[in-house]
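Comments concern the structure below.
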Amino acid sequence: MKKLAVIGGTGIAKIEGFVITEDITCDTPYGKPSSILSRGTYAGREIIFLPRHGDPPVIPPHKINYRANLRALKDNGVNTILGINAVGGITSGMIPGRLVVPDQIIDYTWGRKHTFFEEGLTHPVYVEFTRPYDDTLRDLIINSAPPAGVEILPYGTYGATQGPRLESAAEISRLERDGCDIVGMTGMPECALARELELAYASISLVVNRAAGKGEEGITMDLIQNNMDLAVMDLTRLFQELIPRI
Ligand code: HPA
């Protein structure tokens with residue numbers, strides 16, 4: 001039985017149509033998660049929702065306690081996670097307003113607590129990460145898009161940067177040479193920590209701007225907000241189809 005959680009990103013402080021039945025306050029050996037966990041129902045299915053940046057959303061990407069978030073979800077019976085991430089589009093198809101289901105990730109973050117396997121070990125643990133996202137969950141997302149009437153991009157490499165500033169044009173060129181299609185600040189270590197806890201994890205990434213040097217305009221908060229609104233309309237339609245299938 002899949003027990004699903006949604007980790008909401010920038011602009012996703014709540015899910016339209018989600019009826020909360022219980023607020024869960026929790027603590028973990030790694031500290032407190034970003035906020036209380038909200039348990040409730042969406043389209044007839046029980047889910048837990050956690051806003052990654054807190055409620056209100058005041059925690060910047062590099063200050064998020066990713067370990068506490070993942071551990072708190074695991075402790076509450078979750079085994080499947082949809083991570084929602086706002087991203088910049090690097091390669092040509094990554095158009096603002098579009099939803100992407102990344103299949104690969106490159107980690108450029110630093111100084112974040114990025115593993116559960118560092119203390120009290122009897123032997124080093126090397127977690128398999130060739131396919132960083134759960135392909136069964138990715139397929140469910142991808143297959144739910146046509147009946148939802150939503151266009152999504154079913155592949156892409158996510159470049160996870162440290163933030164909180166946006167990138168320089170040269171940094172984006174480097175990411176592109178490395179093979180990144182999208183760039184965001186919250187993909188890692190969340191994805192790897194989920195794997196360490198054996199949680200099925202996939203990201204739905206919302207393209208909210210063209211990455212630095214890739215668009216005609218500068219990156220403004222107004223621009224990001226407008227594209228976010230477009231992407232969230234598609235995300236809402238996708239969720240209605242997807243969540244009952246999980
Ligand atoms: N870069 C990094 N993170 C982001 C961006 C970006 O352009 N847009 C949204 N999150």
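Chains: A, B, ... in order of the structure tokens. Residues: from 1 per chain. Ligands: from 1, in order shown.
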Spatial neighbours of Ala194 of chain A, 12 Å, only C-alpha atoms, chain gap at least 6 places, as a ChimeraX atom specification: /A:5,7,66-74,78-83,114-116,127-129,132-134,187-188,200-203
Give one line per residue of chain A that approaches ligand 1 to at most 10 Å, naming the two atoms of the closest pair and their distance in Å to one decimal, counting only C-alpha atoms and all ligand atoms; sort by chain then ascending residue number and deliver it as CSV.
```
residue,atom,partner,partner_atom_place_in_ligand_line,distance
A:Gly9,CA,ligand 1,10 (N),9.7
A:Thr10,CA,ligand 1,10 (N),8.2
A:Pro61,CA,ligand 1,3 (N),9.3
A:Asn85,CA,ligand 1,10 (N),7.6
A:Ala86,CA,ligand 1,9 (C),4.7
A:Val87,CA,ligand 1,9 (C),3.7
A:Gly88,CA,ligand 1,7 (O),3.7
A:Gly89,CA,ligand 1,7 (O),6.9
A:Ile90,CA,ligand 1,7 (O),8.3
A:Pro96,CA,ligand 1,8 (N),9.7
A:Gly159,CA,ligand 1,2 (C),8.5
A:Ala160,CA,ligand 1,2 (C),7.6
A:Thr161,CA,ligand 1,2 (C),6.5
A:Gln162,CA,ligand 1,2 (C),8.3
A:Gly163,CA,ligand 1,2 (C),6.9
A:Pro164,CA,ligand 1,3 (N),8.0
A:Arg165,CA,ligand 1,2 (C),7.7
A:Leu166,CA,ligand 1,1 (N),5.0
A:Glu167,CA,ligand 1,1 (N),6.0
A:Ser168,CA,ligand 1,1 (N),9.3
A:Ile172,CA,ligand 1,1 (N),8.6
A:Ile182,CA,ligand 1,6 (C),8.0
A:Val183,CA,ligand 1,2 (C),4.9
A:Gly184,CA,ligand 1,3 (N),3.4
A:Met185,CA,ligand 1,3 (N),4.8
A:Thr186,CA,ligand 1,3 (N),7.9
A:Gly187,CA,ligand 1,3 (N),9.6
A:Ser205,CA,ligand 1,9 (C),9.4
A:Leu206,CA,ligand 1,9 (C),8.2
A:Val207,CA,ligand 1,9 (C),7.0
A:Val208,CA,ligand 1,8 (N),5.8
A:Asn209,CA,ligand 1,8 (N),5.7
A:Arg210,CA,ligand 1,7 (O),6.4
A:Ala211,CA,ligand 1,7 (O),4.2
A:Ala212,CA,ligand 1,7 (O),6.1
A:Gly213,CA,ligand 1,7 (O),9.7
A:Lys214,CA,ligand 1,7 (O),9.5
A:Ile219,CA,ligand 1,7 (O),7.6
A:Met221,CA,ligand 1,8 (N),9.8
A:Ile224,CA,ligand 1,8 (N),7.4
A:Met228,CA,ligand 1,9 (C),9.4
```
Alpha helix (DSSP H) residues, from DSSP on the backbone, in segment 99-204 of chain A, as a PyMOL selection string: chain A and resi 135-148+169-178+190-196
Residue selection dump (C-alpha atoms) as an mmCIF file, in the first residue's frame:
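Ended up saving to result-v4.cif:
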```cif
data_model
loop_
_atom_site.group_PDB
_atom_site.id
_atom_site.type_symbol
_atom_site.label_atom_id
_atom_site.label_comp_id
_atom_site.auth_asym_id
_atom_site.auth_seq_id
_atom_site.Cartn_x
_atom_site.Cartn_y
_atom_site.Cartn_z
ATOM 1 C CA ASP A 135 10.743 5.182 -12.246
ATOM 2 C CA THR A 136 7.412 3.596 -11.271
ATOM 3 C CA LEU A 137 6.284 6.874 -9.737
ATOM 4 C CA ARG A 138 7.648 8.837 -12.707
ATOM 5 C CA ASP A 139 5.648 6.622 -15.079
ATOM 6 C CA LEU A 140 2.466 7.236 -13.074
ATOM 7 C CA ILE A 141 3.010 10.992 -13.360
ATOM 8 C CA ILE A 142 3.827 10.818 -17.062
ATOM 9 C CA ASN A 143 0.838 8.555 -17.838
ATOM 10 C CA SER A 144 -1.560 10.786 -15.896
ATOM 11 C CA ALA A 145 -0.730 13.865 -17.939
ATOM 12 C CA PRO A 146 -2.634 13.082 -21.194
ATOM 13 C CA PRO A 147 -5.952 12.217 -19.459
ATOM 14 C CA ALA A 148 -5.511 15.354 -17.325
ATOM 15 C CA ALA A 169 24.920 33.339 -17.122
ATOM 16 C CA ALA A 170 28.327 31.599 -17.094
ATOM 17 C CA GLU A 171 27.209 29.248 -14.341
ATOM 18 C CA ILE A 172 24.151 28.332 -16.395
ATOM 19 C CA SER A 173 26.348 27.742 -19.476
ATOM 20 C CA ARG A 174 28.450 25.405 -17.383
ATOM 21 C CA LEU A 175 25.370 23.537 -16.165
ATOM 22 C CA GLU A 176 24.208 23.227 -19.764
ATOM 23 C CA ARG A 177 27.589 21.807 -20.829
ATOM 24 C CA ASP A 178 27.260 19.334 -17.972
ATOM 25 C CA GLU A 190 16.074 15.730 -0.756
ATOM 26 C CA CYS A 191 16.156 13.196 -3.590
ATOM 27 C CA ALA A 192 19.183 11.330 -2.201
ATOM 28 C CA LEU A 193 17.911 11.329 1.383
ATOM 29 C CA ALA A 194 14.653 9.786 0.172
ATOM 30 C CA ARG A 195 16.669 7.014 -1.475
ATOM 31 C CA GLU A 196 18.659 6.466 1.729
#
```
Within 9 Å of Val232 of chain A using only C-alpha atoms, minus same-chain residues under 2 positions, as a ChimeraX atom specification: /A:11-12,97,206,227-230,234-237
Would you export the selected residues with N, CA and C atoms as a short mmCIF file (atom, residue, chain, number, x, y, z; two decimals), in the first residue's frame, please?
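Once written, selection.cif looks like this:
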```cif
data_model
loop_
_atom_site.label_atom_id
_atom_site.label_comp_id
_atom_site.auth_asym_id
_atom_site.auth_seq_id
_atom_site.Cartn_x
_atom_site.Cartn_y
_atom_site.Cartn_z
N GLY A 11 5.73 28.64 -3.78
CA GLY A 11 4.44 28.89 -4.41
C GLY A 11 3.42 27.80 -4.15
N ILE A 12 3.83 26.69 -3.51
CA ILE A 12 2.89 25.59 -3.25
C ILE A 12 2.77 25.43 -1.74
N GLY A 97 6.20 27.92 -17.39
CA GLY A 97 4.81 27.45 -17.27
C GLY A 97 4.69 25.94 -17.43
N LEU A 206 8.38 22.65 -11.81
CA LEU A 206 7.60 23.67 -12.50
C LEU A 206 8.58 24.71 -13.03
N ASN A 227 4.44 32.90 -14.20
CA ASN A 227 4.66 31.55 -14.73
C ASN A 227 4.29 30.49 -13.70
N MET A 228 4.52 30.81 -12.45
CA MET A 228 4.13 29.90 -11.37
C MET A 228 2.62 29.68 -11.40
N ASP A 229 1.87 30.78 -11.58
CA ASP A 229 0.41 30.66 -11.61
C ASP A 229 -0.03 29.74 -12.76
N LEU A 230 0.62 29.89 -13.92
CA LEU A 230 0.29 29.03 -15.06
C LEU A 230 0.60 27.57 -14.75
N ASP A 234 -1.87 23.83 -14.23
CA ASP A 234 -1.63 22.50 -14.80
C ASP A 234 -1.38 21.46 -13.71
N LEU A 235 -0.64 21.86 -12.69
CA LEU A 235 -0.33 20.93 -11.59
C LEU A 235 -1.62 20.49 -10.90
N THR A 236 -2.55 21.42 -10.70
CA THR A 236 -3.82 21.09 -10.05
C THR A 236 -4.59 20.07 -10.88
N ARG A 237 -4.62 20.29 -12.20
CA ARG A 237 -5.33 19.33 -13.06
C ARG A 237 -4.63 17.97 -13.05
#
```
Residue contacts of Asp181 of chain A (6 Å, only C-alpha atoms) excluding same-chain residues fewer than 6 positions away, as a VMD selection string: chain A and resid 90 to 91 156 to 157
Residue among A:Gly93, A:Pro57, A:Pro29, A:Gly215 lying closest to Ile152 of chain A, counting only C-alpha atoms: A:Gly93
Residue nearest Asp23 of chain A among A:Leu153, A:Ala231, A:Ile48, A:Ile36 (counting only C-alpha atoms):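 The shortest atom-to-atom distance to Asp23 of chain A comes from A:Ile36.
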Near-His53 of chain A list (7 Å; only C-alpha atoms; drop same-chain fewer than 5 positions) as a list in words: Gly9, Ser34, Val58, Ile59, Pro60 and Ile64 of chain A
What does the file look like for those residues with N, CA, C and O atoms, as an mmCIF file, in the first residue's frame?
```
data_model
loop_
_atom_site.group_PDB
_atom_site.id
_atom_site.type_symbol
_atom_site.label_atom_id
_atom_site.label_comp_id
_atom_site.auth_asym_id
_atom_site.auth_seq_id
_atom_site.Cartn_x
_atom_site.Cartn_y
_atom_site.Cartn_z
ATOM 1 N N GLY A 9 6.782 23.055 -2.894
ATOM 2 C CA GLY A 9 7.902 23.982 -3.050
ATOM 3 C C GLY A 9 7.435 25.419 -3.055
ATOM 4 O O GLY A 9 6.320 25.726 -2.622
ATOM 5 N N SER A 34 10.229 21.282 8.420
ATOM 6 C CA SER A 34 9.963 22.673 8.028
ATOM 7 C C SER A 34 8.681 23.218 8.634
ATOM 8 O O SER A 34 8.547 24.424 8.822
ATOM 9 N N VAL A 58 9.339 30.837 5.028
ATOM 10 C CA VAL A 58 10.460 31.739 5.360
ATOM 11 C C VAL A 58 11.820 31.034 5.333
ATOM 12 O O VAL A 58 12.843 31.671 5.572
ATOM 13 N N ILE A 59 11.855 29.731 5.054
ATOM 14 C CA ILE A 59 13.134 29.000 5.112
ATOM 15 C C ILE A 59 13.757 28.954 3.714
ATOM 16 O O ILE A 59 13.177 28.374 2.791
ATOM 17 N N PRO A 60 14.951 29.572 3.534
ATOM 18 C CA PRO A 60 15.571 29.539 2.206
ATOM 19 C C PRO A 60 16.108 28.133 1.894
ATOM 20 O O PRO A 60 16.312 27.331 2.812
ATOM 21 N N ILE A 64 16.942 24.661 4.700
ATOM 22 C CA ILE A 64 15.905 23.652 4.936
ATOM 23 C C ILE A 64 16.535 22.440 5.622
ATOM 24 O O ILE A 64 17.629 22.005 5.245
#
```
Picked from segment 25-242 of chain A by DSSP as strand (DSSP E or B), as number ranges by chain: A: 28, 31, 37-42, 45-51, 80-89, 99-100, 104-107, 152-153, 157-160, 182-184, 200-210
Minimum-distance residue to Lys14 of chain A, chosen among A:Gly54, A:Pro154, A:Pro33, A:Gly179 (using only C-alpha atoms):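 Counting only C-alpha atoms, the residue closest to Lys14 of chain A is A:Gly54.
Atom pair atom CA of Glu151 of chain A / atom CA of Pro189 of chain A: separated by 27.6 Å.
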